[in-house]
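Colleague: Sending over query-v7.txt (compact mmCIF, C-alpha atoms).
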# COMPACT_ATOMS: atom_id res chain seq x y z
CA MET A 1 -41.98 72.00 -92.97
CA SER A 2 -43.59 73.86 -90.05
CA ASP A 3 -41.68 75.02 -86.95
CA SER A 4 -43.77 72.74 -84.73
CA GLN A 5 -42.53 69.76 -86.78
CA SER A 6 -38.92 70.85 -86.53
CA ILE A 7 -39.00 70.96 -82.71
CA GLN A 8 -40.96 67.72 -82.46
CA GLY A 9 -37.76 65.65 -82.43
CA GLU A 10 -36.28 67.83 -79.70
CA LEU A 11 -39.38 67.49 -77.53
CA GLN A 12 -39.40 63.72 -78.04
CA SER A 13 -35.76 63.57 -76.85
CA GLN A 14 -36.58 65.65 -73.78
CA VAL A 15 -39.61 63.47 -72.93
CA MET A 16 -37.49 60.30 -73.19
CA ALA A 17 -34.77 61.87 -71.02
CA ALA A 18 -37.39 62.89 -68.43
CA LEU A 19 -38.82 59.36 -68.36
CA TRP A 20 -35.37 57.83 -67.95
CA ARG A 21 -34.83 60.09 -64.93
CA VAL A 22 -38.12 59.23 -63.20
CA GLY A 23 -38.34 55.61 -64.39
CA SER A 24 -42.05 55.84 -65.19
CA GLY A 25 -44.73 58.45 -64.82
CA THR A 26 -48.02 60.02 -65.79
CA VAL A 27 -48.34 62.89 -68.26
CA GLU A 28 -48.23 65.43 -65.44
CA GLN A 29 -45.18 63.83 -63.81
CA VAL A 30 -43.29 63.80 -67.11
CA ARG A 31 -44.33 67.40 -67.80
CA GLU A 32 -42.98 68.53 -64.42
CA GLU A 33 -39.69 66.74 -65.11
CA LEU A 34 -39.18 68.57 -68.44
CA PRO A 35 -36.87 71.63 -68.61
CA PRO A 36 -38.96 74.87 -68.35
CA ARG A 37 -38.42 75.62 -72.04
CA TYR A 38 -40.22 72.41 -73.03
CA GLN A 39 -43.01 72.48 -70.43
CA GLY A 40 -45.76 73.12 -72.96
CA ALA A 41 -49.44 72.36 -72.65
CA TYR A 42 -50.58 69.13 -71.00
CA ASN A 43 -52.07 67.98 -74.32
CA THR A 44 -48.78 68.51 -76.17
CA VAL A 45 -46.86 66.30 -73.72
CA GLN A 46 -49.65 63.71 -73.80
CA THR A 47 -49.55 63.65 -77.62
CA VAL A 48 -45.78 63.12 -77.60
CA LEU A 49 -46.05 60.34 -75.00
CA ASN A 50 -48.79 58.59 -76.98
CA ARG A 51 -46.80 58.92 -80.19
CA LEU A 52 -43.70 57.39 -78.55
CA ALA A 53 -45.88 54.57 -77.20
CA THR A 54 -47.31 53.93 -80.69
CA ARG A 55 -43.77 53.84 -82.07
CA GLY A 56 -42.86 51.10 -79.60
CA LEU A 57 -40.54 53.11 -77.37
CA LEU A 58 -42.87 53.40 -74.36
CA GLU A 59 -45.15 51.00 -72.58
CA ARG A 60 -48.54 52.52 -71.65
CA LYS A 61 -50.53 51.07 -68.74
CA ARG A 62 -53.76 52.30 -67.25
CA GLU A 63 -53.43 53.05 -63.52
CA GLY A 64 -56.46 54.53 -61.83
CA ARG A 65 -57.95 57.27 -63.97
CA GLY A 66 -54.87 57.92 -66.07
CA PHE A 67 -52.04 56.22 -67.94
CA VAL A 68 -48.51 55.54 -66.72
CA TYR A 69 -45.73 55.53 -69.31
CA ARG A 70 -42.55 53.46 -68.96
CA PRO A 71 -39.56 53.38 -71.39
CA GLN A 72 -39.10 50.12 -73.31
CA VAL A 73 -35.41 50.83 -73.76
CA THR A 74 -33.03 51.84 -70.96
CA GLU A 75 -30.88 54.92 -71.24
CA ALA A 76 -27.78 52.73 -71.01
CA GLU A 77 -28.92 50.58 -73.97
CA TYR A 78 -29.79 53.71 -75.93
CA LEU A 79 -26.40 55.31 -75.35
CA SER A 80 -24.13 52.26 -75.42
CA GLY A 81 -25.28 51.11 -78.86
CA SER A 82 -24.43 54.39 -80.54
CA ILE A 83 -21.17 54.83 -78.59
CA ARG A 84 -20.06 51.27 -79.45
CA ARG A 85 -20.87 51.79 -83.13
CA THR A 86 -19.12 55.17 -83.19
CA LEU A 87 -16.01 53.74 -81.54
CA ALA A 88 -16.06 50.67 -83.81
CA GLY A 89 -15.71 52.97 -86.81
CA ALA A 90 -12.73 54.83 -85.31
CA SER A 91 -9.06 53.91 -85.53
CA SER A 92 -7.47 52.11 -82.58
CA GLY A 93 -5.56 55.23 -81.48
CA ALA A 94 -8.59 57.50 -81.72
CA ARG A 95 -10.69 54.93 -79.83
CA GLN A 96 -8.20 54.81 -76.94
CA ALA A 97 -7.88 58.61 -76.85
CA ALA A 98 -11.67 59.04 -76.82
CA LEU A 99 -12.11 56.48 -74.01
CA ALA A 100 -9.25 58.09 -72.04
CA SER A 101 -10.92 61.47 -72.43
CA ILE A 102 -14.27 60.09 -71.17
CA ILE A 103 -12.62 58.31 -68.23
CA GLY A 104 -10.62 61.45 -67.37
CA GLY A 105 -13.86 63.34 -66.89
CA LEU A 106 -15.36 60.88 -64.38
CA ARG A 107 -15.74 61.52 -60.63
CA PRO A 108 -13.68 59.31 -58.20
CA ASP A 109 -16.78 57.29 -57.17
CA GLU A 110 -17.70 56.73 -60.82
CA LEU A 111 -14.14 55.64 -61.51
CA SER A 112 -14.14 53.00 -58.77
CA GLU A 113 -17.53 51.76 -60.00
CA LEU A 114 -16.06 51.50 -63.48
CA GLU A 115 -13.06 49.58 -62.11
CA ASP A 116 -15.44 47.06 -60.52
CA LEU A 117 -17.31 46.67 -63.82
CA ALA A 118 -14.03 46.20 -65.73
CA ARG A 119 -12.96 43.53 -63.21
CA GLU A 120 -16.30 41.75 -63.61
CA ALA A 121 -16.01 41.81 -67.40
CA ARG A 122 -12.45 40.43 -67.19
CA ASP A 123 -13.54 37.62 -64.84
CA GLN A 124 -16.42 36.67 -67.14
CA ARG A 125 -14.04 36.31 -70.08
CA LYS A 126 -11.72 33.92 -68.17
CA MET B 1 -8.37 38.85 -133.99
CA THR B 2 -10.18 41.79 -135.64
CA PHE B 3 -13.38 40.62 -133.99
CA LEU B 4 -11.68 40.68 -130.57
CA VAL B 5 -10.40 44.24 -131.15
CA VAL B 6 -13.87 45.46 -132.20
CA ALA B 7 -15.44 43.71 -129.20
CA GLY B 8 -12.83 45.26 -126.90
CA VAL B 9 -13.45 48.78 -128.24
CA LEU B 10 -17.22 48.31 -127.89
CA LEU B 11 -16.80 47.07 -124.33
CA ALA B 12 -14.51 49.99 -123.41
CA ALA B 13 -16.99 52.49 -124.89
CA ALA B 14 -19.92 50.94 -123.01
CA ILE B 15 -17.93 51.00 -119.76
CA ALA B 16 -16.90 54.65 -120.20
CA LEU B 17 -20.21 56.01 -121.55
CA PRO B 18 -22.19 56.25 -118.25
CA HIS B 19 -19.37 58.33 -116.71
CA ALA B 20 -19.70 60.84 -119.56
CA LEU B 21 -23.49 61.20 -119.26
CA LYS B 22 -25.36 63.39 -116.78
CA LEU B 23 -27.75 60.88 -115.24
CA ASP B 24 -28.69 62.67 -112.01
CA ARG B 25 -32.09 63.80 -113.29
CA ALA B 26 -32.84 60.72 -115.39
CA PRO B 27 -35.37 58.22 -113.99
CA ALA B 28 -33.57 56.30 -111.24
CA GLY B 29 -34.72 52.87 -112.48
CA PHE B 30 -32.95 53.41 -115.81
CA THR B 31 -29.79 54.77 -114.20
CA SER B 32 -29.66 51.84 -111.76
CA ALA B 33 -29.83 49.42 -114.72
CA ILE B 34 -27.14 51.36 -116.60
CA TRP B 35 -24.71 51.49 -113.66
CA LEU B 36 -25.24 47.84 -112.76
CA SER B 37 -24.64 46.88 -116.41
CA ALA B 38 -21.50 49.04 -116.45
CA LEU B 39 -20.21 47.28 -113.32
CA LEU B 40 -20.96 43.84 -114.78
CA LEU B 41 -19.19 44.82 -118.01
CA ARG B 42 -16.19 45.94 -115.94
CA ALA B 43 -16.15 42.53 -114.24
CA LEU B 44 -16.40 40.72 -117.58
CA ALA B 45 -13.68 42.91 -119.08
CA SER B 46 -11.42 42.09 -116.11
CA VAL B 47 -12.06 38.37 -116.56
CA GLY B 48 -11.36 38.82 -120.29
CA VAL B 49 -8.02 40.50 -119.54
CA ALA B 50 -7.10 37.72 -117.07
CA VAL B 51 -7.97 35.03 -119.64
CA ALA B 52 -6.01 36.86 -122.34
CA ALA B 53 -3.01 37.09 -120.01
CA GLU B 54 -3.12 33.35 -119.40
CA VAL B 55 -3.92 32.26 -122.94
CA TYR B 56 -2.37 34.74 -125.35
CA LEU B 57 0.65 36.14 -123.48
CA PRO B 58 2.62 32.83 -123.35
CA ILE B 59 2.43 32.70 -127.17
CA THR B 60 4.20 36.06 -127.37
CA GLY B 61 7.21 34.64 -125.49
CA LEU B 62 7.24 37.72 -123.23
CA LEU B 63 9.01 35.88 -120.40
CA GLU B 64 11.15 33.80 -122.76
CA PRO B 65 14.44 34.39 -120.85
CA PHE B 66 12.91 32.70 -117.77
CA GLY B 67 11.02 30.07 -119.76
CA ALA B 68 13.26 27.13 -118.90
CA TRP B 69 12.96 27.71 -115.14
CA CYS B 70 11.27 24.51 -114.03
CA ALA B 71 12.00 24.57 -110.27
CA GLY B 72 8.96 23.28 -108.41
CA ALA B 73 7.00 23.08 -111.65
CA LEU B 74 3.62 21.33 -111.68
CA SER B 75 2.92 18.76 -114.43
CA SER B 76 4.62 20.06 -117.56
CA HIS B 77 4.07 23.77 -116.83
CA THR B 78 6.93 26.17 -116.24
CA VAL B 79 7.06 28.61 -113.34
CA THR B 80 6.43 31.43 -115.82
CA ASP B 81 3.05 29.84 -116.62
CA ALA B 82 2.11 30.61 -113.00
CA VAL B 83 3.14 34.25 -113.58
CA PHE B 84 0.67 34.48 -116.45
CA GLY B 85 -2.00 33.07 -114.16
CA LEU B 86 -1.48 35.79 -111.53
CA PRO B 87 -4.19 38.18 -112.87
CA ALA B 88 -6.78 35.38 -112.68
CA LEU B 89 -5.64 34.55 -109.14
CA ALA B 90 -5.89 38.22 -108.14
CA LEU B 91 -9.48 38.40 -109.45
CA ALA B 92 -10.44 35.17 -107.69
CA GLY B 93 -8.87 36.45 -104.45
CA SER B 94 -10.70 39.75 -104.70
CA LEU B 95 -14.01 37.96 -105.35
CA LEU B 96 -13.50 35.59 -102.39
CA PHE B 97 -12.58 38.53 -100.16
CA SER B 98 -15.75 40.35 -101.21
CA VAL B 99 -17.96 37.28 -100.67
CA GLY B 100 -16.39 36.92 -97.22
CA GLY B 101 -17.04 40.60 -96.51
CA LEU B 102 -20.71 40.24 -97.53
CA PHE B 103 -21.05 37.16 -95.33
CA VAL B 104 -19.49 38.93 -92.32
CA ALA B 105 -21.66 42.02 -92.88
CA ALA B 106 -24.83 39.89 -93.10
CA ARG B 107 -23.88 38.06 -89.89
CA ARG B 108 -23.16 41.36 -88.12
CA VAL B 109 -26.56 42.76 -89.14
CA ARG B 110 -28.29 39.55 -87.96
CA GLY B 111 -26.42 39.83 -84.65
CA LEU B 112 -27.33 43.49 -84.27
CA VAL B 113 -31.03 42.76 -84.83
CA ARG B 114 -30.94 39.71 -82.52
CA ASP B 115 -29.11 41.52 -79.70
CA THR B 116 -30.81 44.90 -79.77
CA ALA B 117 -34.37 44.33 -81.05
CA ILE B 118 -36.90 45.44 -78.44
CA GLY B 119 -40.16 44.85 -80.30
CA ALA B 120 -42.40 45.86 -83.17
CA GLY B 121 -42.33 49.42 -84.40
CA PRO B 122 -44.44 51.55 -86.73
CA GLY B 123 -45.49 50.07 -90.08
CA GLY B 124 -44.32 46.54 -89.29
CA SER B 125 -40.74 47.60 -88.60
CA ILE B 126 -38.47 46.22 -85.89
CA VAL B 127 -37.26 48.64 -83.21
CA LEU B 128 -33.60 48.44 -82.16
CA SER B 129 -32.49 49.87 -78.81
CA ASP B 130 -29.62 51.75 -80.49
CA GLY B 131 -29.56 55.50 -79.88
CA ALA B 132 -27.93 56.23 -83.26
CA LEU B 133 -30.30 57.40 -85.97
CA LEU B 134 -30.78 54.39 -88.21
CA VAL B 135 -33.57 53.44 -90.61
CA ALA B 136 -32.50 50.55 -92.84
CA VAL B 137 -33.36 47.24 -94.47
CA ALA B 138 -31.90 44.13 -92.83
CA GLY B 139 -31.83 40.65 -94.35
CA LEU B 140 -31.49 39.26 -97.85
CA ARG B 141 -34.04 36.43 -98.04
CA ARG B 142 -36.60 37.89 -95.63
CA PRO B 143 -35.84 41.62 -95.59
CA GLN B 144 -37.32 43.74 -92.82
CA VAL B 145 -37.25 47.44 -92.09
CA VAL B 146 -35.34 48.13 -88.88
CA VAL B 147 -35.56 51.44 -87.10
CA SER B 148 -33.43 52.49 -84.16
CA ALA B 149 -34.74 54.07 -80.97
CA GLY B 150 -32.60 57.07 -81.93
CA ALA B 151 -34.58 57.46 -85.17
CA LEU B 152 -37.91 57.12 -83.36
CA VAL B 153 -36.86 59.87 -80.95
CA GLU B 154 -35.21 62.24 -83.45
CA LEU B 155 -37.56 62.05 -86.45
CA ASP B 156 -40.93 63.75 -86.47
CA GLU B 157 -44.04 61.92 -87.71
CA ALA B 158 -43.81 63.01 -91.37
CA GLU B 159 -40.05 62.31 -91.56
CA LEU B 160 -40.48 58.87 -90.02
CA ARG B 161 -43.28 57.89 -92.42
CA ALA B 162 -41.26 59.14 -95.42
CA GLY B 163 -38.16 57.28 -94.17
CA LEU B 164 -40.10 54.04 -93.68
CA ASP B 165 -41.61 54.30 -97.17
CA HIS B 166 -38.12 54.89 -98.58
CA GLU B 167 -36.95 51.62 -97.00
CA ARG B 168 -40.10 49.79 -98.15
CA GLY B 169 -39.16 51.03 -101.62
CA HIS B 170 -35.79 49.23 -101.34
CA ILE B 171 -37.63 46.01 -100.43
CA ALA B 172 -40.37 46.32 -103.08
CA LEU B 173 -37.88 47.16 -105.84
CA ARG B 174 -35.58 44.29 -104.78
CA HIS B 175 -32.55 46.53 -104.49
CA ARG B 176 -30.72 44.10 -102.20
CA TYR B 177 -30.11 41.69 -105.09
CA LEU B 178 -28.86 44.49 -107.35
CA LEU B 179 -26.57 45.72 -104.57
CA VAL B 180 -25.09 42.25 -104.00
CA ALA B 181 -24.60 41.77 -107.77
CA GLY B 182 -22.98 45.20 -107.96
CA GLU B 183 -20.69 44.46 -105.02
CA LEU B 184 -19.51 41.16 -106.56
CA ALA B 185 -18.97 42.87 -109.93
CA ARG B 186 -17.04 45.65 -108.16
CA ALA B 187 -14.81 43.03 -106.52
CA VAL B 188 -13.94 41.45 -109.87
CA GLY B 189 -13.61 44.76 -111.73
CA ARG B 190 -11.79 46.65 -108.97
CA PHE B 191 -8.49 46.73 -110.89
CA LEU B 192 -10.03 48.83 -113.69
CA PRO B 193 -9.94 52.58 -113.09
CA GLY B 194 -13.33 54.10 -112.27
CA THR B 195 -14.88 50.94 -110.79
CA SER B 196 -15.28 52.42 -107.30
CA ALA B 197 -16.95 55.49 -108.84
CA ALA B 198 -19.34 53.23 -110.79
CA ALA B 199 -20.21 51.31 -107.60
CA ARG B 200 -20.86 54.60 -105.79
CA GLU B 201 -23.12 55.75 -108.64
CA LEU B 202 -25.07 52.47 -108.45
CA THR B 203 -25.69 53.02 -104.72
CA PHE B 204 -26.71 56.61 -105.44
CA ALA B 205 -29.12 55.50 -108.20
CA LEU B 206 -30.68 52.84 -105.92
CA GLU B 207 -31.16 55.38 -103.12
CA ARG B 208 -32.71 57.82 -105.59
CA HIS B 209 -34.97 55.01 -106.87
CA ALA B 210 -36.19 54.41 -103.29
CA ASP B 211 -36.63 58.18 -102.86
CA SER B 212 -38.91 58.19 -105.95
CA TYR B 213 -40.88 55.30 -104.46
CA ALA B 214 -41.37 57.26 -101.22
CA LEU B 215 -42.41 60.41 -103.12
CA SER B 216 -44.97 58.38 -105.08
CA ARG B 217 -46.55 57.63 -101.67
CA ARG B 218 -47.37 61.37 -101.38
CA HIS B 219 -44.52 62.47 -99.12
CA GLU B 220 -43.15 65.99 -99.42
CA PRO B 221 -39.66 66.07 -100.99
CA ALA B 222 -38.48 68.54 -98.30
CA VAL B 223 -39.61 66.19 -95.53
CA LEU B 224 -37.77 63.24 -97.08
CA ALA B 225 -34.67 65.41 -97.63
CA SER B 226 -34.79 66.42 -93.96
CA ALA B 227 -35.05 62.78 -92.83
CA ILE B 228 -32.13 61.81 -95.10
CA CYS B 229 -29.93 64.61 -93.73
CA LYS B 230 -30.76 63.71 -90.13
CA ALA B 231 -30.03 60.02 -90.81
CA ALA B 232 -26.73 60.85 -92.51
CA ARG B 233 -25.71 63.09 -89.61
CA GLY B 234 -26.72 60.55 -86.98
CA ALA B 235 -25.19 57.42 -88.48
CA PHE B 236 -21.42 57.16 -88.06
CA ALA B 237 -21.04 54.22 -90.42
CA ALA B 238 -24.32 53.90 -92.29
CA PRO B 239 -24.88 50.41 -93.71
CA ALA B 240 -25.89 49.84 -97.32
CA LEU B 241 -29.56 50.53 -98.11
CA SER B 242 -30.01 52.83 -95.12
CA LEU B 243 -31.89 56.12 -95.18
CA GLY B 244 -28.68 58.18 -94.91
CA GLY B 245 -26.82 56.17 -97.58
CA GLY B 246 -25.56 57.25 -101.00
CA VAL B 247 -24.26 60.74 -101.74
CA VAL B 248 -26.50 62.60 -99.31
CA THR B 249 -25.93 66.19 -100.47
CA ARG B 250 -26.71 65.27 -104.09
CA ARG B 251 -29.85 63.36 -103.04
CA ALA B 252 -31.06 66.19 -100.82
CA ARG B 253 -30.38 68.81 -103.52
CA LEU B 254 -32.32 66.84 -106.15
CA LEU B 255 -35.25 66.41 -103.74
CA LEU B 256 -35.33 70.08 -102.78
CA GLU B 257 -35.08 71.25 -106.40
CA ALA B 258 -37.89 68.94 -107.52
CA ASP B 259 -41.29 70.48 -108.11
CA PRO B 260 -43.71 68.34 -106.07
CA GLU B 261 -46.62 69.35 -108.34
CA ALA B 262 -44.85 68.57 -111.63
CA LYS B 263 -45.24 65.25 -113.39
CA PRO B 264 -42.09 63.12 -113.51
CA PRO B 265 -40.06 63.98 -116.66
CA ARG B 266 -40.23 61.57 -119.58
CA PRO B 267 -36.88 59.85 -120.02
CA HIS B 268 -34.83 60.77 -123.11
CA PRO B 269 -35.32 58.16 -125.89
CA GLY B 270 -31.53 57.65 -125.99
CA LEU B 271 -31.56 56.74 -122.32
CA VAL B 272 -34.51 54.40 -122.81
CA ALA B 273 -32.49 52.64 -125.52
CA LEU B 274 -29.20 52.68 -123.56
CA ALA B 275 -30.39 50.68 -120.53
CA PRO B 276 -31.53 47.58 -122.51
CA ALA B 277 -28.58 47.94 -124.91
CA MET B 278 -26.17 47.76 -121.97
CA ALA B 279 -28.03 44.74 -120.56
CA VAL B 280 -27.84 42.99 -123.97
CA LEU B 281 -24.12 43.77 -124.11
CA VAL B 282 -23.63 42.20 -120.67
CA VAL B 283 -25.38 39.01 -121.76
CA GLY B 284 -23.49 38.99 -125.09
CA ALA B 285 -20.11 39.50 -123.40
CA ALA B 286 -20.85 36.81 -120.80
CA LEU B 287 -21.78 34.32 -123.52
CA ALA B 288 -18.84 35.24 -125.78
CA LEU B 289 -16.18 35.03 -123.07
CA PRO B 290 -16.02 31.20 -122.76
CA PHE B 291 -15.88 30.87 -126.56
CA ALA B 292 -13.06 33.43 -126.81
CA ALA B 293 -11.14 31.61 -124.06
CA HIS B 294 -11.70 28.24 -125.74
CA ALA B 295 -10.49 29.62 -129.08
CA GLY B 296 -7.44 31.05 -127.31
CA TYR B 297 -6.52 27.69 -125.77
CA HIS B 298 -6.75 26.08 -129.23
CA GLU B 299 -4.51 28.80 -130.64
CA LYS B 300 -2.04 28.28 -127.78
CA HIS B 301 -1.81 24.55 -128.40
CA ARG B 302 -1.61 25.01 -132.16
CA LEU B 303 1.33 27.35 -131.88
CA GLY B 304 2.85 25.59 -128.87
CA THR B 305 4.42 27.25 -125.84
CA PRO B 306 8.11 28.17 -125.94
CA HIS B 307 9.02 25.84 -123.09
CA THR B 308 7.64 22.70 -121.48
CA CYS B 309 9.01 21.15 -118.32
CA HIS B 310 9.76 17.46 -117.99
CA ALA B 311 10.17 15.44 -114.81
CA SER B 312 13.95 15.40 -115.27
CA ASP B 313 14.01 19.27 -115.40
CA ALA B 314 12.40 19.71 -111.99
CA ALA B 315 14.82 20.56 -109.21
Could you render the structure from this file as structure tokens?

Modeller:
Amino acid sequence: MSDSQSIQGELQSQVMAALWRVGSGTVEQVREELPPRYQGAYNTVQTVLNRLATRGLLERKREGRGFVYRPQVTEAEYLSGSIRRTLAGASSGARQAALASIIGGLRPDELSELEDLAREARDQRK
Amino acid sequence: MTFLVVAGVLLAAAIALPHALKLDRAPAGFTSAIWLSALLLRALASVGVAVAAEVYLPITGLLEPFGAWCAGALSSHTVTDAVFGLPALALAGSLLFSVGGLFVAARRVRGLVRDTAIGAGPGGSIVLSDGALLVAVAGLRRPQVVVSAGALVELDEAELRAGLDHERGHIALRHRYLLVAGELARAVGRFLPGTSAAARELTFALERHADSYALSRRHEPAVLASAICKAARGAFAAPALSLGGGVVTRRARLLLEADPEAKPPRPHPGLVALAPAMAVLVVGAALALPFAAHAGYHEKHRLGTPHTCHASDAA
């Protein structure tokens, strides 16, 4: 396996993360949003974006002379699925400890937002 | 009686034999057949033991001191008759529990696909929004390859294509039916030592079979090994027939040690003979079991049971 193949997955992750930050963007916009280490040639970023679009993860729309790429899956969906599945496999004690650890690391504004969401979820269940 | 002893010894030998053989490098199709047969023989042996406990043990008068205990007895049977039926009840309970587990797992997979599917993916697969690395087959009647967004992000092009062909291998080779049969046999045979190991070996053989299918589609063994290791690392609780399933280190080692240029080795003639012999034994044992049970019931009634309850005995 070549080195370029082994970093392909990493670059794909970075491109998705960049698109989640900007919402949608052209090749150049995504390239600018990438960390300096991953800001390769324009063609490399374009190839990765096209590949992710072919795989069904990005929507590609022509706008003007170029294409605009938009993620088909939100970052929240992407993260929550794996977190839920990871926690589902853990024991009840470990699950509570892990959630407490995550909550402990939140900022006060994030905590109050989370409280609102918890209240909403509780109300919906009633 | 001599026939039963010979049949029992033959059954025990057939059950134990696969554990004594080194099957890792044998063609995966043969090893899958051998391990599935071994599991089915374990299930039949367990049923045989349960039938023997219910039919032959009362004749021995093993629970004679409690034989006259008729409290709450049904029809003319003593309470001790129910004790002899406990092994059969345990097997039935285990089987029902397993069927329930399969049903729940199937419903959970259907729910996961329904709730998280975001569209069509490469090679006719279905993309799930999940960030965990998952490439798997979902569905029993209409199986489909599902691939998570995490897998599409983490795997490079060659790894993804090899992973998808591995899963197509599971579908083309109809592994889902073998897996369900193996799981049901494991549920019935779970009280025999070594049954869990046999079930694990069946899963390993099926995964290796799908690996061979992917390699026959001209994928590099190292690329497939890399995809398997990534999938195993990414999936916290990998479902059955997923890319990271089976004993991953053994699978990866076999793939990396394989010479991609070499022709697949010809299976040993003994192995070629063993797989059908085991299958014949399964069919033979399944057909013989009802006759043995029937003969046992005749023997029981001929000799009579030590105690029979009457309506006046019941408390």

Colleague: Considering all atoms listed in the file, state which residue in the set B:Ala225, B:Ala14, B:Ala106, B:Ala88 is at the smallest distance from chain A.

Modeller: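 Among the listed residues, the smallest separation from chain A belongs to B:Ala225.
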
Colleague: Please check the contacts: residues of chain B at most 6 Å away from chain A, using all atoms listed in the file, listed as a list of chain:residue names.

Modeller: B:Gly121, B:Pro122, B:Ser129, B:Asp130, B:Gly131, B:Ala132, B:Val153, B:Glu154, B:Leu155, B:Asp156, B:Phe236

Colleague: Do you have the CA of Val272 in chain B-CA of Leu21 in chain B distance handy?

Modeller: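 Spanning CA of Val272 in chain B to CA of Leu21 in chain B is a straight-line distance of 13.4 Å.
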
Colleague: Would you compute the distance between CA of Phe191 in chain B and CA of Ser46 in chain B? Give it in Å to one decimal.

Modeller: 7.6 Å

Colleague: By how many Å are CA of Gly123 in chain B and CA of Glu159 in chain B apart?

Modeller: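 Computing the Euclidean distance for CA of Gly123 in chain B and CA of Glu159 in chain B yields 13.5 Å.
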
Colleague: With a distance cut-off of 10 Å and only C-alpha atoms, select the neighbouring residues of Ser24 in chain A, excluding the residue or stretch itself and same-chain residues fewer than 4 positions from it, and output the selection as a PyMOL selection string.

Modeller: chain A and resi 18-20+29-30+58-60+68-71

Colleague: List as an MDAnalysis selection string the protein and nucleic acid residues near Ile126 in chain B, meaning an atom at most 12 Å away when only C-alpha atoms are counted, but skip any in the same chain fewer than 2 places from it.

Modeller: (chainID A and resid 55:57) or (chainID B and resid 112:114 116:124 128:130 134:138 143:149 151:152 164)

Colleague: Edge lengths and centre in Å to one decimal, as AutoDock Vina command-line options, of the axis-aligned box that encloses all listed atoms of range 23-35 of chain A with 5 Å added on every side?

Modeller:
--center_x -42.6 --center_y 63.6 --center_z -66.2 --size_x 21.5 --size_y 26.0 --size_z 14.8

Colleague: Please determine, counting all atoms listed in the file, which residue among B:Asp165, B:Glu201, B:Glu261, B:Glu157 has the shortest atom-to-atom distance to Gly182 in chain B.

Modeller: B:Glu201

Colleague: So which residues touch Ala198 in chain B within 12 Å, counting only C-alpha atoms, skipping near sequence neighbours fewer than 3 positions away, as a PyMOL selection string?

Modeller: chain B and resi 15-20+31-43+182-183+185-187+189-190+192-195+201-205

Colleague: Nearest to Ser212 in chain B: which of B:Ala53, B:Val282, B:Ala288, B:His166 is it, counting all atoms listed in the file?

Modeller: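 Ranked by minimum distance to Ser212 in chain B, first place goes to B:His166.
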
Colleague: Between B:Gly8, B:Pro27, B:Pro221, B:Pro58, which has the minimum distance to Gly85 in chain B (counting all atoms listed in the file)?

Modeller: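 Of B:Gly8, B:Pro27, B:Pro221, B:Pro58, the one nearest Gly85 in chain B, counting all atoms listed in the file, is B:Pro58.
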